[in-house]
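Structure data (PDB, C-alpha atoms) from target-v5.pdb:
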```pdb
ATOM      1  CA  MET A 185       0.000   0.000   0.000
ATOM      2  CA  GLY A 186       1.256   3.526  -0.721
ATOM      3  CA  ALA A 187       1.991   6.371   1.621
ATOM      4  CA  ASP A 188      -1.664   7.261   1.789
ATOM      5  CA  GLY A 189      -2.654   3.697   2.612
ATOM      6  CA  GLY A 190      -3.667   2.944  -0.989
ATOM      7  CA  LEU A 191      -7.268   3.683  -0.112
ATOM      8  CA  ALA A 192      -8.115   6.753  -2.185
ATOM      9  CA  GLY A 193      -8.508   6.469  -5.923
ATOM     10  CA  GLN A 194      -9.479   8.898  -8.625
ATOM     11  CA  GLY A 195     -12.522  10.962  -7.727
ATOM     12  CA  GLY A 196     -12.314   9.953  -4.085
ATOM     13  CA  ARG A 197     -13.543   6.414  -4.838
ATOM     14  CA  PRO A 198     -10.881   3.818  -4.108
ATOM     15  CA  PRO A 199     -10.329   1.131  -6.739
ATOM     16  CA  VAL A 200     -10.894  -2.492  -5.894
ATOM     17  CA  PRO A 201      -7.687  -4.303  -6.892
ATOM     18  CA  PRO A 202      -7.458  -8.064  -6.824
ATOM     19  CA  GLY A 203      -6.445  -9.505  -3.483
ATOM     20  CA  ARG A 204      -2.739 -10.057  -3.014
ATOM     21  CA  PRO A 205      -0.874 -11.991  -0.368
ATOM     22  CA  GLY A 206       1.017 -10.053   2.264
ATOM     23  CA  ARG A 207       3.622 -10.825   4.863
ATOM     24  CA  ARG A 208       1.239 -10.676   7.812
ATOM     25  CA  SER A 209      -1.232 -13.385   8.717
ATOM     26  CA  ALA A 210      -4.784 -12.812   9.838
ATOM     27  CA  SER A 211      -7.713 -14.925  10.869
ATOM     28  CA  VAL A 212     -10.416 -13.384   8.710
ATOM     29  CA  GLY A 213     -12.838 -16.204   8.075
ATOM     30  CA  GLY A 214     -16.556 -15.442   8.060
ATOM     31  CA  SER A 215     -19.723 -17.494   8.300
ATOM     32  CA  GLU A 216     -20.898 -18.766   4.917
ATOM     33  CA  HIS A 217     -24.476 -18.383   6.090
ATOM     34  CA  GLU A 218     -24.315 -14.844   7.402
ATOM     35  CA  PRO A 219     -27.491 -13.076   6.181
ATOM     36  CA  GLY A 220     -27.811  -9.545   4.920
ATOM     37  CA  PRO A 221     -25.672  -7.227   2.751
ATOM     38  CA  GLY A 222     -22.073  -8.069   2.153
ATOM     39  CA  ARG A 223     -22.518 -11.832   2.084
ATOM     40  CA  GLY A 224     -19.993 -12.013  -0.783
ATOM     41  CA  ASP A 225     -17.290 -10.744   1.590
ATOM     42  CA  ASP A 226     -16.878 -14.292   2.873
ATOM     43  CA  ARG A 227     -15.080 -15.155  -0.351
ATOM     44  CA  LEU A 228     -12.726 -12.193   0.046
ATOM     45  CA  ALA A 229     -12.087 -12.915   3.695
ATOM     46  CA  GLY A 230     -11.260 -16.552   3.025
ATOM     47  CA  GLU A 231      -8.713 -16.154   0.234
ATOM     48  CA  GLY A 232      -5.884 -17.435   2.358
ATOM     49  CA  PRO A 233      -4.317 -17.453   5.796
ATOM     50  CA  ASP A 234      -1.479 -15.177   4.583
ATOM     51  CA  ALA A 235      -3.739 -12.372   3.341
ATOM     52  CA  ASP A 236      -2.705  -8.891   4.418
ATOM     53  CA  PRO A 237      -5.317  -7.998   7.073
ATOM     54  CA  VAL A 238      -5.329  -4.303   6.057
ATOM     55  CA  GLU A 239      -6.020  -5.259   2.456
ATOM     56  CA  VAL A 240      -8.716  -7.702   3.526
ATOM     57  CA  ALA A 241     -10.337  -5.022   5.708
ATOM     58  CA  ARG A 242     -10.230  -2.574   2.807
ATOM     59  CA  LEU A 243     -11.907  -4.999   0.421
ATOM     60  CA  ILE A 244     -14.599  -5.927   2.945
ATOM     61  CA  CYS A 245     -15.429  -2.267   3.594
ATOM     62  CA  LEU A 246     -15.564  -1.494  -0.116
ATOM     63  CA  ARG A 247     -17.977  -4.359  -0.686
ATOM     64  CA  GLN A 248     -20.202  -3.107   2.131
ATOM     65  CA  LEU A 249     -20.181   0.458   0.806
ATOM     66  CA  GLU A 250     -21.012  -0.689  -2.725
ATOM     67  CA  THR A 251     -24.289  -2.066  -1.386
ATOM     68  CA  ALA A 252     -25.366   0.937   0.721
ATOM     69  CA  PRO A 253     -23.928   3.713   2.889
ATOM     70  CA  ARG A 254     -22.675   2.447   6.241
ATOM     71  CA  THR A 255     -21.658   4.074   9.493
ATOM     72  CA  ARG A 256     -18.215   3.593  10.945
ATOM     73  CA  SER A 257     -19.760   1.524  13.724
ATOM     74  CA  GLN A 258     -21.511  -0.769  11.245
ATOM     75  CA  LEU A 259     -18.314  -1.365   9.274
ATOM     76  CA  ALA A 260     -16.359  -1.967  12.469
ATOM     77  CA  GLY A 261     -18.923  -4.586  13.436
ATOM     78  CA  VAL A 262     -18.582  -6.377  10.100
ATOM     79  CA  LEU A 263     -14.794  -6.414  10.366
ATOM     80  CA  ALA A 264     -14.968  -7.753  13.907
ATOM     81  CA  ARG A 265     -17.345 -10.553  12.856
ATOM     82  CA  LYS A 266     -14.878 -11.524  10.155
ATOM     83  CA  HIS A 267     -12.043 -11.611  12.697
ATOM     84  CA  VAL A 268     -10.014  -8.797  11.138
ATOM     85  CA  PRO A 269      -7.425  -7.662  13.715
ATOM     86  CA  ASP A 270      -8.356  -4.448  15.500
ATOM     87  CA  ASP A 271      -5.254  -2.547  14.397
ATOM     88  CA  ALA A 272      -5.870  -3.348  10.718
ATOM     89  CA  ALA A 273      -9.540  -2.424  11.053
ATOM     90  CA  GLN A 274      -8.678   0.942  12.619
ATOM     91  CA  VAL A 275      -6.201   1.757   9.847
ATOM     92  CA  VAL A 276      -8.847   1.221   7.189
ATOM     93  CA  LEU A 277     -11.688   2.888   9.083
ATOM     94  CA  ASP A 278      -9.547   5.950   9.805
ATOM     95  CA  ARG A 279      -8.475   6.257   6.178
ATOM     96  CA  PHE A 280     -11.997   5.790   4.823
ATOM     97  CA  THR A 281     -13.210   8.472   7.222
ATOM     98  CA  GLU A 282     -10.407  10.804   6.144
ATOM     99  CA  VAL A 283     -11.265  10.548   2.438
ATOM    100  CA  GLY A 284     -15.018  10.788   3.058
ATOM    101  CA  LEU A 285     -16.070   7.238   2.243
ATOM    102  CA  ILE A 286     -17.308   7.005   5.820
ATOM    103  CA  ASP A 287     -19.359  10.041   6.868
ATOM    104  CA  ASP A 288     -21.658   9.450   9.822
ATOM    105  CA  GLY A 289     -23.150  12.941   9.541
ATOM    106  CA  ALA A 290     -24.127  12.443   5.903
ATOM    107  CA  PHE A 291     -25.450   8.983   6.716
ATOM    108  CA  ALA A 292     -27.631  10.415   9.494
ATOM    109  CA  ARG A 293     -29.040  13.195   7.308
ATOM    110  CA  GLY A 294     -29.862  10.783   4.506
ATOM    111  CA  TRP A 295     -31.404   8.282   6.923
ATOM    112  CA  VAL A 296     -33.650  10.886   8.572
ATOM    113  CA  GLU A 297     -34.822  12.325   5.268
ATOM    114  CA  SER A 298     -35.472   8.935   3.682
ATOM    115  CA  ARG A 299     -37.175   7.253   6.640
ATOM    116  CA  HIS A 300     -39.360  10.258   7.394
ATOM    117  CA  ARG A 301     -40.452  10.511   3.779
ATOM    118  CA  SER A 302     -40.992   6.805   3.119
ATOM    119  CA  ARG A 303     -42.232   5.577   6.522
ATOM    120  CA  GLY A 304     -43.440   8.778   8.180
ATOM    121  CA  LEU A 305     -41.210   8.182  11.206
ATOM    122  CA  ALA A 306     -40.934  10.988  13.756
ATOM    123  CA  GLY A 307     -37.834  12.232  15.513
ATOM    124  CA  ARG A 308     -38.043   9.867  18.490
ATOM    125  CA  ALA A 309     -38.180   6.746  16.330
ATOM    126  CA  LEU A 310     -35.483   8.074  14.021
ATOM    127  CA  SER A 311     -33.222   8.853  16.975
ATOM    128  CA  GLN A 312     -33.502   5.248  18.139
ATOM    129  CA  GLU A 313     -32.698   3.921  14.663
ATOM    130  CA  LEU A 314     -29.615   6.139  14.408
ATOM    131  CA  ARG A 315     -28.404   4.918  17.809
ATOM    132  CA  GLN A 316     -28.859   1.315  16.688
ATOM    133  CA  ARG A 317     -26.615   2.045  13.700
ATOM    134  CA  GLY A 318     -23.919   3.616  15.813
ATOM    135  CA  VAL A 319     -24.298   7.226  14.702
ATOM    136  CA  PRO A 320     -22.603   9.455  17.312
ATOM    137  CA  GLY A 321     -24.848  11.754  19.341
ATOM    138  CA  PRO A 322     -23.774  15.095  17.810
ATOM    139  CA  GLU A 323     -24.213  13.877  14.220
ATOM    140  CA  ALA A 324     -27.595  12.344  15.063
ATOM    141  CA  ALA A 325     -28.788  15.507  16.806
ATOM    142  CA  GLN A 326     -27.769  17.677  13.875
ATOM    143  CA  ALA A 327     -29.613  15.461  11.399
ATOM    144  CA  LEU A 328     -32.748  15.338  13.560
ATOM    145  CA  ALA A 329     -32.697  19.134  13.935
ATOM    146  CA  GLU A 330     -33.396  19.391  10.205
ATOM    147  CA  LEU A 331     -36.768  17.684  10.781
ATOM    148  CA  ASP A 332     -38.732  20.750  11.813
ATOM    149  CA  PRO A 333     -41.973  20.572  13.871
ATOM    150  CA  VAL A 334     -44.119  21.910  11.012
ATOM    151  CA  THR A 335     -42.974  19.138   8.675
ATOM    152  CA  GLU A 336     -43.397  16.508  11.378
ATOM    153  CA  ARG A 337     -46.940  17.619  12.147
ATOM    154  CA  ALA A 338     -47.885  17.702   8.452
ATOM    155  CA  THR A 339     -46.576  14.167   8.036
ATOM    156  CA  ALA A 340     -48.560  12.993  11.057
ATOM    157  CA  ARG A 341     -51.731  14.450   9.563
ATOM    158  CA  ARG A 342     -51.116  12.710   6.229
ATOM    159  CA  LEU A 343     -50.649   9.400   8.011
ATOM    160  CA  VAL A 344     -53.937   9.860   9.858
ATOM    161  CA  ASP A 345     -55.803  10.890   6.708
ATOM    162  CA  ARG A 346     -54.685   7.691   4.985
ATOM    163  CA  LYS A 347     -56.140   5.562   7.793
ATOM    164  CA  LEU A 348     -59.362   7.453   8.461
ATOM    165  CA  ALA A 349     -61.506   5.515   6.025
ATOM    166  CA  SER A 350     -60.482   2.170   7.512
ATOM    167  CA  THR A 351     -61.673   3.264  10.968
ATOM    168  CA  GLN A 352     -65.095   4.649  10.045
ATOM    169  CA  ARG A 353     -66.967   1.661  11.485
ATOM    170  CA  LEU A 354     -65.462   2.275  14.921
ATOM    171  CA  ASP A 355     -66.849   4.637  17.507
ATOM    172  CA  PRO A 356     -64.982   7.957  17.931
ATOM    173  CA  ALA A 357     -63.109   6.911  21.072
ATOM    174  CA  ALA A 358     -61.886   3.718  19.429
ATOM    175  CA  ARG A 359     -60.805   5.652  16.349
ATOM    176  CA  LEU A 360     -58.885   8.052  18.534
ATOM    177  CA  ARG A 361     -57.071   5.203  20.259
ATOM    178  CA  ARG A 362     -56.266   3.323  17.072
ATOM    179  CA  LEU A 363     -55.041   6.323  15.090
ATOM    180  CA  GLY A 364     -53.200   7.791  18.048
ATOM    181  CA  GLY A 365     -51.527   4.441  18.661
ATOM    182  CA  MET A 366     -50.443   4.261  15.035
ATOM    183  CA  LEU A 367     -48.695   7.625  15.355
ATOM    184  CA  ALA A 368     -47.153   6.684  18.691
ATOM    185  CA  ARG A 369     -45.577   3.590  17.137
ATOM    186  CA  LYS A 370     -43.942   5.850  14.580
ATOM    187  CA  GLY A 371     -42.398   7.959  17.302
ATOM    188  CA  TYR A 372     -44.822  10.890  17.581
ATOM    189  CA  PRO A 373     -45.322  12.315  21.081
ATOM    190  CA  ALA A 374     -48.687  11.427  22.591
ATOM    191  CA  GLY A 375     -49.806  15.056  22.834
ATOM    192  CA  LEU A 376     -49.132  15.752  19.177
ATOM    193  CA  ALA A 377     -50.568  12.420  18.056
ATOM    194  CA  TYR A 378     -53.936  12.843  19.755
ATOM    195  CA  GLU A 379     -54.157  16.498  18.778
ATOM    196  CA  VAL A 380     -53.706  15.608  15.112
ATOM    197  CA  VAL A 381     -56.239  12.771  15.339
ATOM    198  CA  ARG A 382     -58.860  14.988  17.021
ATOM    199  CA  GLU A 383     -58.321  17.599  14.341
ATOM    200  CA  ALA A 384     -58.879  15.018  11.608
ATOM    201  CA  LEU A 385     -62.005  13.627  13.237
ATOM    202  CA  ARG A 386     -63.485  17.095  13.696
ATOM    203  CA  ALA A 387     -62.831  17.766  10.034
ATOM    204  CA  GLU A 388     -65.223  14.907   9.238
ATOM    205  CA  GLY A 389     -67.999  16.971  10.785
ATOM    206  CA  LEU A 390     -67.648  15.963  14.410
ATOM    207  CA  LEU A 391     -67.373  19.524  15.662
ATOM    208  CA  ASP A 392     -67.732  18.775  19.344
ATOM    209  CA  GLY A 393     -64.344  17.441  20.410
ATOM    210  CA  SER A 394     -65.281  16.731  24.019
ATOM    211  CA  GLU A 395     -66.049  13.098  23.277
ATOM    212  CA  PHE A 396     -62.468  12.596  22.100
ATOM    213  CA  GLU A 397     -60.802  13.496  25.317
ATOM    214  CA  ALA A 398     -58.504  10.698  26.494
TER     215      ALA A 398
END
```
Kindly return the structure encoded in the file as C-alpha cells.
Amino acid sequence: MGADGGLAGQGGRPPVPPGRPGRRSASVGGSEHEPGPGRGDDRLAGEGPDADPVEVARLICLRQLETAPRTRSQLAGVLARKHVPDDAAQVVLDRFTEVGLIDDGAFARGWVESRHRSRGLAGRALSQELRQRGVPGPEAAQALAELDPVTERATARRLVDRKLASTQRLDPAARLRRLGGMLARKGYPAGLAYEVVREALRAEGLLDGSEFEA
C-alpha cells in the first residue's frame, strides 16, 4: 500500500484491486451463512491465511459500501465478525473516514430524510434507529434538527388521513385510540398524536371534540 494507505482512488472512490498476499497473517474467516448485505465478503475474507489484514479489511469495507452507505460503527462490526485484527480495522476505518467514504453525519441526514419521507417516522423513532446504527450523538442531533416541527406535524396528519376511512366503522373513542396508537408507534409524542387525530375527526364533521378526550 502507498503512503496514503492505498485507499483513495481517482474521484475519491478507491479502486478495488485483486487480493494479493502479504507478509502478515490474519484470521479473517466469516460465516458462509451470514445473512444480509455483504454476504460475498466471505469469499474475500477466506482467500488465504497469509492475506494482508489491512487489504482484507479494505476490500470488505468497499464491498459493504457498494451495497449501501454504512456508518463507521456498522463497518467496524462487520470487520470484527470476520475476525479482522483491531489494528488493521482501525487503519482502514480511519483512512476511509479521512477521504469521506465514511461520513456518519451524511449517513444520518440521509437516513432521517429517507425514513421520514418513506415511513413517516418521527424524531423519536429516528433517533432510536440512528443509535442502533452507531451514529454518534452530535451527528444524530444535527440530522434530527433538520426535521422541523411543522414538517413533522404535516406528516402525522397525512398518516392519519390515509387511515381514516379504515376506521369509520369504529366509535370515535376507538378511532382516537387506534389512530393515536399508530402515530405513537412511529415515534410521535402522545400530545401531538392525539391532537392531530382529534383535528382530523373534527374535520369529518364531528365539531364537538369533548367526546375525544382521552
inquiry  = Just checking: using only C-alpha atoms, which residue out of A:Leu328, A:Leu376, A:Leu263, A:Leu385 ends up closest to Leu314 in chain A?
reply    = A:Leu328
query = Which is closer to Arg308 in chain A than all the others in A:Val240, A:Val380, A:Ala329, A:Leu246, using only C-alpha atoms?
reply =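 Result for the nearest residue to Arg308 in chain A: A:Ala329.
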message = Between CA of Lys370 in chain A and CA of Leu305 in chain A, what distance in Å does the model show, to one decimal?
response =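 According to the coordinates, CA of Lys370 in chain A and CA of Leu305 in chain A are separated by 4.9 Å.
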request  = Would you kindly return, as JSON, numbers by chain, each protein, DNA or RNA residue with an atom no farther than 12 Å from any atom of Leu343 in chain A, considering all atoms listed in the file and excluding same-chain residues fewer than 5 positions away?
outcome  = {"A": [300, 301, 302, 303, 304, 305, 306, 336, 337, 338, 348, 349, 363, 364, 365, 366, 367, 368, 369, 370, 372, 377, 380, 381, 384]}
Picked residues, the PyMOL selection byres ((chain A and resi 238) around 7), expected as a short mmCIF file (atom, residue, chain, number, x, y, z; two decimals) with C-alpha atoms, in the frame of the given file:
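selection_4.cif, freshly written:
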```cif
data_model
loop_
_atom_site.label_atom_id
_atom_site.label_comp_id
_atom_site.auth_asym_id
_atom_site.auth_seq_id
_atom_site.Cartn_x
_atom_site.Cartn_y
_atom_site.Cartn_z
CA ASP A 236 -2.70 -8.89 4.42
CA PRO A 237 -5.32 -8.00 7.07
CA GLU A 239 -6.02 -5.26 2.46
CA VAL A 240 -8.72 -7.70 3.53
CA ALA A 241 -10.34 -5.02 5.71
CA ARG A 242 -10.23 -2.57 2.81
CA ALA A 272 -5.87 -3.35 10.72
CA ALA A 273 -9.54 -2.42 11.05
CA VAL A 276 -8.85 1.22 7.19
#
```
A:Arg361, A:Arg386, A:Arg256, A:His267 ranked by distance to Thr281 in chain A, top pick (using only C-alpha atoms) =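 With only C-alpha atoms as the atom set, the closest residue is A:Arg256.
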